[in-house]
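With TSV, C-alpha atoms inside, this is query.tsv:
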```tsv
chain	number	residue	atom	x	y	z
L	1	MET	CA	-11.63	-61.92	158.07
L	2	THR	CA	-8.93	-64.05	156.45
L	3	THR	CA	-7.84	-65.33	153.07
L	4	VAL	CA	-9.55	-68.61	152.16
L	5	THR	CA	-8.22	-71.54	150.15
L	6	THR	CA	-10.67	-74.11	148.81
L	7	ARG	CA	-10.39	-77.48	147.17
L	8	THR	CA	-12.58	-80.41	146.16
L	9	VAL	CA	-12.15	-83.64	148.10
L	10	GLU	CA	-13.31	-87.07	146.94
L	11	TYR	CA	-13.94	-89.95	149.32
L	12	PRO	CA	-16.05	-93.15	149.42
L	13	ALA	CA	-19.33	-93.41	151.36
L	14	ASP	CA	-22.69	-95.16	150.95
L	15	GLY	CA	-21.37	-97.04	147.91
L	16	LEU	CA	-20.66	-93.75	146.10
L	17	THR	CA	-17.75	-91.43	145.44
L	18	MET	CA	-18.62	-88.34	147.46
L	19	ILE	CA	-17.38	-84.93	146.32
L	20	GLY	CA	-17.01	-82.51	149.21
L	21	HIS	CA	-15.87	-78.89	149.41
L	22	LEU	CA	-13.06	-78.08	151.84
L	23	ALA	CA	-12.36	-74.46	152.85
L	24	LEU	CA	-9.23	-73.48	154.76
L	25	PRO	CA	-8.35	-70.21	156.48
L	26	ASP	CA	-5.01	-68.54	155.89
L	27	GLY	CA	-2.00	-69.79	157.84
L	28	GLY	CA	-0.52	-73.13	158.79
L	29	ASP	CA	-1.72	-73.66	162.34
L	30	ARG	CA	-4.39	-76.08	163.47
L	31	ARG	CA	-7.87	-74.63	163.74
L	32	PRO	CA	-11.28	-75.69	165.04
L	33	ALA	CA	-13.30	-77.35	162.30
L	34	VAL	CA	-16.91	-77.62	161.18
L	35	LEU	CA	-18.77	-80.26	159.16
L	36	ILE	CA	-21.59	-78.79	157.03
L	37	GLY	CA	-24.34	-81.10	155.80
L	38	PRO	CA	-26.64	-80.25	152.87
L	39	GLU	CA	-30.40	-80.58	152.57
L	40	GLY	CA	-31.95	-83.52	150.76
L	41	THR	CA	-31.39	-82.12	147.28
L	42	GLY	CA	-27.64	-82.44	147.82
L	43	LEU	CA	-24.51	-80.34	148.05
L	44	ASN	CA	-24.60	-77.15	146.01
L	45	ASP	CA	-23.03	-73.68	145.98
L	46	PHE	CA	-25.14	-72.57	148.95
L	47	GLN	CA	-23.35	-74.93	151.35
L	48	ARG	CA	-20.01	-74.33	149.62
L	49	ARG	CA	-20.39	-70.62	150.33
L	50	ARG	CA	-21.27	-71.43	153.95
L	51	ALA	CA	-18.00	-73.36	154.23
L	52	ASP	CA	-16.12	-70.43	152.73
L	53	ALA	CA	-17.79	-68.02	155.15
L	54	LEU	CA	-16.77	-70.14	158.12
L	55	ALA	CA	-13.21	-70.36	156.81
L	56	GLU	CA	-13.20	-66.55	156.64
L	57	LEU	CA	-14.00	-66.62	160.36
L	58	GLY	CA	-11.02	-68.88	160.99
L	59	TYR	CA	-12.52	-72.38	160.87
L	60	VAL	CA	-11.54	-75.34	158.75
L	61	ALA	CA	-14.85	-76.21	157.06
L	62	LEU	CA	-15.97	-79.22	155.04
L	63	ALA	CA	-19.28	-79.11	153.20
L	64	PHE	CA	-19.92	-82.81	152.75
L	65	ASP	CA	-21.74	-84.69	150.03
L	66	ILE	CA	-24.64	-87.12	150.42
L	67	HIS	CA	-25.44	-88.12	146.81
L	68	GLY	CA	-22.12	-88.85	145.11
L	69	GLY	CA	-21.75	-85.44	143.50
L	70	ARG	CA	-25.36	-85.21	142.42
L	71	TRP	CA	-27.82	-82.39	143.11
L	72	PHE	CA	-31.45	-83.44	142.56
L	73	THR	CA	-33.78	-81.21	140.56
L	74	ASP	CA	-36.73	-83.65	140.54
L	75	PRO	CA	-38.42	-83.67	143.99
L	76	GLN	CA	-39.79	-87.19	143.59
L	77	GLU	CA	-36.41	-88.55	142.57
L	78	MET	CA	-34.86	-86.81	145.57
L	79	LEU	CA	-37.45	-88.24	147.95
L	80	ALA	CA	-36.91	-91.73	146.55
L	81	ARG	CA	-33.30	-91.55	147.71
L	82	VAL	CA	-33.68	-89.47	150.85
L	83	THR	CA	-36.69	-91.18	152.45
L	84	PRO	CA	-35.00	-94.57	152.96
L	85	LEU	CA	-31.79	-92.81	154.00
L	86	LEU	CA	-33.57	-90.90	156.77
L	87	ALA	CA	-35.12	-94.17	157.95
L	88	ASP	CA	-31.70	-95.81	158.32
L	89	PRO	CA	-29.57	-94.33	161.13
L	90	GLY	CA	-26.70	-96.64	160.27
L	91	ARG	CA	-26.44	-95.31	156.72
L	92	MET	CA	-26.63	-91.72	157.93
L	93	ARG	CA	-23.89	-92.36	160.47
L	94	ASP	CA	-21.68	-94.02	157.87
L	95	ILE	CA	-22.03	-91.00	155.57
L	96	GLY	CA	-21.29	-88.66	158.46
L	97	HIS	CA	-18.30	-90.67	159.70
L	98	ALA	CA	-16.79	-90.80	156.20
L	99	ALA	CA	-16.92	-87.01	155.99
L	100	LEU	CA	-15.65	-86.67	159.55
L	101	ASP	CA	-12.65	-88.86	158.69
L	102	VAL	CA	-11.79	-86.53	155.80
L	103	LEU	CA	-12.05	-83.48	158.02
L	104	ARG	CA	-9.95	-85.05	160.80
L	105	ALA	CA	-7.29	-86.09	158.28
L	106	GLU	CA	-6.82	-82.49	157.14
L	107	PRO	CA	-3.54	-81.27	158.74
L	108	ARG	CA	-5.08	-77.88	159.55
L	109	THR	CA	-7.88	-79.47	161.62
L	110	ASP	CA	-7.69	-79.65	165.39
L	111	PRO	CA	-9.22	-83.13	165.76
L	112	ASP	CA	-10.37	-82.41	169.31
L	113	ARG	CA	-12.36	-79.31	168.30
L	114	ILE	CA	-15.00	-80.18	165.72
L	115	ALA	CA	-18.65	-79.15	165.39
L	116	ALA	CA	-21.32	-80.37	162.96
L	117	ILE	CA	-24.06	-78.27	161.41
L	118	GLY	CA	-26.55	-79.25	158.76
L	119	TYR	CA	-29.68	-78.43	156.82
L	120	GLY	CA	-32.49	-80.96	156.42
L	121	THR	CA	-30.96	-84.36	155.68
L	122	GLY	CA	-27.49	-83.02	156.49
L	123	GLY	CA	-28.77	-81.87	159.86
L	124	ALA	CA	-30.21	-85.32	160.53
L	125	ILE	CA	-26.78	-86.80	159.79
L	126	ALA	CA	-25.17	-84.34	162.23
L	127	LEU	CA	-27.63	-85.44	164.92
L	128	GLU	CA	-26.91	-89.11	164.23
L	129	LEU	CA	-23.20	-88.49	164.73
L	130	GLY	CA	-24.09	-87.09	168.13
L	131	ARG	CA	-26.35	-90.03	168.95
L	132	ASN	CA	-23.47	-92.29	167.94
L	133	GLY	CA	-21.32	-90.73	170.65
L	134	VAL	CA	-18.97	-88.72	168.44
L	135	ASP	CA	-17.03	-86.13	170.43
L	136	LEU	CA	-18.38	-82.90	168.94
L	137	ARG	CA	-18.28	-79.44	170.46
L	138	ALA	CA	-21.69	-78.42	169.06
L	139	ILE	CA	-24.47	-79.61	166.77
L	140	GLY	CA	-26.55	-77.08	164.86
L	141	THR	CA	-29.45	-77.98	162.58
L	142	VAL	CA	-31.98	-76.15	160.43
L	143	ASN	CA	-35.15	-77.95	159.31
L	144	ALA	CA	-33.95	-81.23	160.84
L	145	LEU	CA	-36.03	-82.07	163.92
L	146	THR	CA	-35.44	-85.79	163.52
L	147	THR	CA	-35.76	-88.22	166.38
L	148	GLY	CA	-33.49	-91.20	166.95
L	149	ARG	CA	-33.59	-94.68	168.36
L	150	PRO	CA	-34.74	-94.81	172.01
L	151	GLY	CA	-32.10	-93.80	174.52
L	152	GLU	CA	-29.35	-92.97	172.04
L	153	ALA	CA	-29.67	-89.21	172.48
L	154	ALA	CA	-28.02	-89.74	175.88
L	155	ARG	CA	-24.77	-90.25	173.95
L	156	ILE	CA	-24.84	-86.65	172.70
L	157	ARG	CA	-21.96	-84.90	174.44
L	158	CYS	CA	-22.41	-81.30	173.31
L	159	PRO	CA	-25.01	-78.53	173.04
L	160	VAL	CA	-27.63	-78.95	170.33
L	161	TRP	CA	-29.22	-75.96	168.59
L	162	ALA	CA	-32.15	-76.44	166.21
L	163	GLY	CA	-34.02	-73.98	164.02
L	164	VAL	CA	-37.35	-74.57	162.27
L	165	GLY	CA	-40.04	-72.55	160.52
L	166	SER	CA	-43.36	-72.23	162.32
L	167	GLU	CA	-45.23	-73.11	159.12
L	168	ASP	CA	-43.01	-76.02	158.10
L	169	PRO	CA	-45.40	-78.90	157.24
L	170	ILE	CA	-42.54	-81.41	157.15
L	171	MET	CA	-41.19	-80.54	160.60
L	172	SER	CA	-44.66	-80.32	162.16
L	173	PRO	CA	-45.54	-79.26	165.74
L	174	ALA	CA	-45.81	-82.95	166.62
L	175	GLN	CA	-42.30	-83.51	165.26
L	176	ARG	CA	-41.05	-80.55	167.29
L	177	GLU	CA	-42.55	-82.01	170.44
L	178	ALA	CA	-41.05	-85.44	169.81
L	179	PHE	CA	-37.62	-83.95	169.16
L	180	THR	CA	-37.60	-81.73	172.24
L	181	ALA	CA	-38.96	-84.54	174.41
L	182	GLU	CA	-36.12	-86.80	173.25
L	183	MET	CA	-33.48	-84.14	173.93
L	184	GLN	CA	-34.93	-83.29	177.35
L	185	ALA	CA	-35.25	-86.90	178.46
L	186	ALA	CA	-31.62	-87.49	177.50
L	187	GLY	CA	-30.38	-84.51	179.48
L	188	VAL	CA	-29.01	-82.76	176.39
L	189	ASP	CA	-28.20	-79.05	176.51
L	190	TRP	CA	-30.66	-78.13	173.76
L	191	ARG	CA	-32.29	-75.07	172.24
L	192	LEU	CA	-35.06	-74.79	169.66
L	193	VAL	CA	-35.76	-71.59	167.75
L	194	VAL	CA	-39.06	-71.38	165.85
L	195	TYR	CA	-38.97	-68.74	163.12
L	196	GLY	CA	-42.44	-67.26	162.74
L	197	GLY	CA	-44.07	-67.57	159.34
L	198	ALA	CA	-41.24	-69.58	157.79
L	199	LEU	CA	-41.72	-72.72	155.69
L	200	HIS	CA	-39.43	-75.70	155.20
L	201	ALA	CA	-36.00	-74.86	153.72
L	202	PHE	CA	-36.61	-71.19	154.56
L	203	HIS	CA	-32.83	-70.74	154.68
L	204	HIS	CA	-32.23	-71.57	151.00
L	205	PRO	CA	-32.51	-68.89	148.27
L	206	PRO	CA	-35.08	-69.66	145.56
L	207	VAL	CA	-34.14	-72.17	142.87
L	208	ASP	CA	-35.46	-72.33	139.33
L	209	GLN	CA	-36.98	-75.79	139.61
L	210	GLU	CA	-39.95	-77.66	141.05
L	211	VAL	CA	-39.96	-78.03	144.82
L	212	VAL	CA	-42.08	-80.07	147.20
L	213	PRO	CA	-45.08	-78.32	148.78
L	214	GLY	CA	-44.37	-76.36	151.94
L	215	VAL	CA	-40.93	-75.18	150.84
L	216	GLY	CA	-40.16	-71.46	150.64
L	217	TYR	CA	-37.42	-68.91	151.20
L	218	HIS	CA	-37.63	-66.37	154.01
L	219	PRO	CA	-34.71	-63.94	153.61
L	220	GLN	CA	-34.95	-62.31	157.05
L	221	HIS	CA	-35.13	-65.60	158.93
L	222	ALA	CA	-32.42	-67.10	156.70
L	223	GLN	CA	-30.06	-64.37	157.89
L	224	ARG	CA	-31.17	-64.78	161.50
L	225	ALA	CA	-30.66	-68.54	161.44
L	226	TRP	CA	-27.16	-68.11	160.04
L	227	ARG	CA	-26.31	-65.59	162.75
L	228	ASP	CA	-27.64	-68.01	165.35
L	229	ILE	CA	-25.39	-70.78	164.00
L	230	VAL	CA	-22.34	-68.51	163.95
L	231	GLU	CA	-23.08	-67.51	167.55
L	232	LEU	CA	-23.41	-71.18	168.53
L	233	LEU	CA	-19.97	-71.86	167.07
L	234	ALA	CA	-18.47	-68.77	168.70
L	235	ASP	CA	-19.82	-69.93	172.06
L	236	CYS	CA	-18.93	-73.63	171.84
L	237	LEU	CA	-16.02	-73.63	169.40
L	238	PRO	CA	-14.28	-70.24	169.58
L	239	VAL	CA	-11.46	-69.38	167.19
L	240	ALA	CA	-8.36	-68.15	169.02
L	241	PRO	CA	-7.06	-64.77	167.82
```

Could you show the structure in this file as structure tokens?
Amino acid sequence: MTTVTTRTVEYPADGLTMIGHLALPDGGDRRPAVLIGPEGTGLNDFQRRRADALAELGYVALAFDIHGGRWFTDPQEMLARVTPLLADPGRMRDIGHAALDVLRAEPRTDPDRIAAIGYGTGGAIALELGRNGVDLRAIGTVNALTTGRPGEAARIRCPVWAGVGSEDPIMSPAQREAFTAEMQAAGVDWRLVVYGGALHAFHHPPVDQEVVPGVGYHPQHAQRAWRDIVELLADCLPVAP
């Protein structure tokens, strides 16, 4: 464990001023780095704490923004923004690249050792960076079994880990099959973990607001999914002592 320094970073993307959360481990040397993408509701303290936790493990971590500093409490308002975003790989890639540029510009970042993880929409953005040929060491997603444009998964140059709840109505069995078929056809080193009994967004602690149907917290699987992501990073992006 190490001392962590955090700061807010602002940068332009998708016609908005994004407000990310950067977490740095103690010291002055360059470290491997991780992009962390939020679910469709936007960046909140959950992802900020994930960035801090990774910095405690020795990573430079940037929890990036997708809504210009906004966190949606109205599900329909959130879907009105997220649905067209998920249908537009170019927009997702632009948002991801803008955050990646911020992370690479950080002096503590080793620009040749970067991974991307994400939840929901943020996971879809991480996958699109891979499909765009970005040199990442690993991609990890939770609740983000999105498929891409035909053939572009062949550009993914790193292992892909994906986690999903068995009872997730948004990431359905058909969606799982399409995702795994795409990864397999492209020759990607992929893994899919299905967490039994879990709904969509099972990783996120309960919030005091309306949520879309099929969303629910599963504390045991939330911990397991986080451990799986940390193990993915330790395997593909180890932190030197």

For range 11-14 of chain L: contacts at 9 Å, only C-alpha atoms, fewer than 6 positions along chain excluded, given as a PyMOL selection string: chain L and resi 20+66-68+91-92+94-99+102

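Computed from the coordinates, the CA of Gly151 in chain L to CA of Gly187 in chain L distance equals 10.7 Å.
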
Distance criterion (all atoms listed in the file): nearest to Thr147 in chain L out of L:Thr109, L:Thr41, L:Thr121, L:Thr180: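 Closest to Thr147 in chain L of all the choices is L:Thr180.
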
7 Å contact set for range 225-235 of chain L, all atoms listed in the file, chain neighbours under 4 positions out, as a PyMOL selection string: chain L and resi 140+163+221

Counting all atoms listed in the file, the residue of L:Ala87, L:Ala63, L:Val215, L:Val239 that sits nearest Gly37 in chain L: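 Of the candidates, the smallest distance to Gly37 in chain L is held by L:Ala63.
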
Which residues, written as a compact mmCIF listing (two decimals) with C-alpha atoms, in the frame of the given file, have at least one atom at most 10 Å from Leu103 in chain L, with all atoms listed in the file counted and residues fewer than 4 positions away on the same chain left out?
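Written out: part.txt:
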```txt
# COMPACT_ATOMS: atom_id res chain seq x y z
CA VAL L 9 -12.15 -83.64 148.10
CA LEU L 22 -13.06 -78.08 151.84
CA ALA L 33 -13.30 -77.35 162.30
CA VAL L 34 -16.91 -77.62 161.18
CA LEU L 35 -18.77 -80.26 159.16
CA VAL L 60 -11.54 -75.34 158.75
CA ALA L 61 -14.85 -76.21 157.06
CA LEU L 62 -15.97 -79.22 155.04
CA ALA L 63 -19.28 -79.11 153.20
CA PHE L 64 -19.92 -82.81 152.75
CA HIS L 97 -18.30 -90.67 159.70
CA ALA L 98 -16.79 -90.80 156.20
CA ALA L 99 -16.92 -87.01 155.99
CA PRO L 107 -3.54 -81.27 158.74
CA ARG L 108 -5.08 -77.88 159.55
CA THR L 109 -7.88 -79.47 161.62
CA ASP L 110 -7.69 -79.65 165.39
CA PRO L 111 -9.22 -83.13 165.76
CA ILE L 114 -15.00 -80.18 165.72
```

Counting only C-alpha atoms, the option among L:Val211, L:Ala174, L:Leu136, L:Ala185 closest to Glu152 in chain L: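 Using only C-alpha atoms, the shortest distance to Glu152 in chain L belongs to L:Ala185.
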
Atomic separation - CA of Ser172 in chain L relative to CA of Gln220 in chain L, Å: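 Interatomic distance here is 21.1 Å.
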
Within 12 Å of file point (-35.4, -87.6, 176.3), counting all atoms listed in the file, expressed as number ranges by chain: L: 131, 147-156, 177-190

One-decimal distance in Å that lies between CA of Leu24 in chain L and CA of Glu56 in chain L: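 Computed distance, CA of Glu56 in chain L to CA of Leu24 in chain L, equals 8.2 Å.
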
Contacts of Thr141 in chain L within 12 Å, all atoms listed in the file, excl. fewer than 6 positions in-chain, as a count of residues only: 38

Which polymer residues have any atom within 12 Å of an atom of Thr73 in chain L, counting all atoms listed in the file, with same-chain residues fewer than 2 positions away left out, as a PDB file with C-alpha atoms, in the coordinates of the input?
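For reference, result01.pdb as written:
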```pdb
ATOM      1  CA  GLY L  40     -31.950 -83.520 150.760  1.00  0.00           C
ATOM      2  CA  THR L  41     -31.390 -82.120 147.280  1.00  0.00           C
ATOM      3  CA  GLY L  42     -27.640 -82.440 147.820  1.00  0.00           C
ATOM      4  CA  LEU L  43     -24.510 -80.340 148.050  1.00  0.00           C
ATOM      5  CA  ASN L  44     -24.600 -77.150 146.010  1.00  0.00           C
ATOM      6  CA  ARG L  70     -25.360 -85.210 142.420  1.00  0.00           C
ATOM      7  CA  TRP L  71     -27.820 -82.390 143.110  1.00  0.00           C
ATOM      8  CA  PRO L  75     -38.420 -83.670 143.990  1.00  0.00           C
ATOM      9  CA  GLN L  76     -39.790 -87.190 143.590  1.00  0.00           C
ATOM     10  CA  GLU L  77     -36.410 -88.550 142.570  1.00  0.00           C
ATOM     11  CA  MET L  78     -34.860 -86.810 145.570  1.00  0.00           C
ATOM     12  CA  LEU L  79     -37.450 -88.240 147.950  1.00  0.00           C
ATOM     13  CA  VAL L 207     -34.140 -72.170 142.870  1.00  0.00           C
ATOM     14  CA  ASP L 208     -35.460 -72.330 139.330  1.00  0.00           C
ATOM     15  CA  GLN L 209     -36.980 -75.790 139.610  1.00  0.00           C
ATOM     16  CA  GLU L 210     -39.950 -77.660 141.050  1.00  0.00           C
ATOM     17  CA  VAL L 211     -39.960 -78.030 144.820  1.00  0.00           C
ATOM     18  CA  VAL L 212     -42.080 -80.070 147.200  1.00  0.00           C
TER      19      VAL L 212
END
```

Distance criterion (all atoms listed in the file): nearest to Leu237 in chain L out of L:Ala198, L:Ala144, L:Met171, L:Leu57: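 Closest residue, counting all atoms listed in the file: L:Leu57.
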
Residue with smallest distance to Met18 in chain L - pool L:Ala240, L:Asp65, L:Pro205, L:Asp52, counting all atoms listed in the file: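 Of L:Ala240, L:Asp65, L:Pro205, L:Asp52, the one nearest Met18 in chain L, counting all atoms listed in the file, is L:Asp65.
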
Given only C-alpha atoms as the counted atoms, nearest of L:Thr2, L:Val134, L:Pro241, L:Pro89 to Asp101 in chain L: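 Under the stated criterion, the closest residue is L:Val134.
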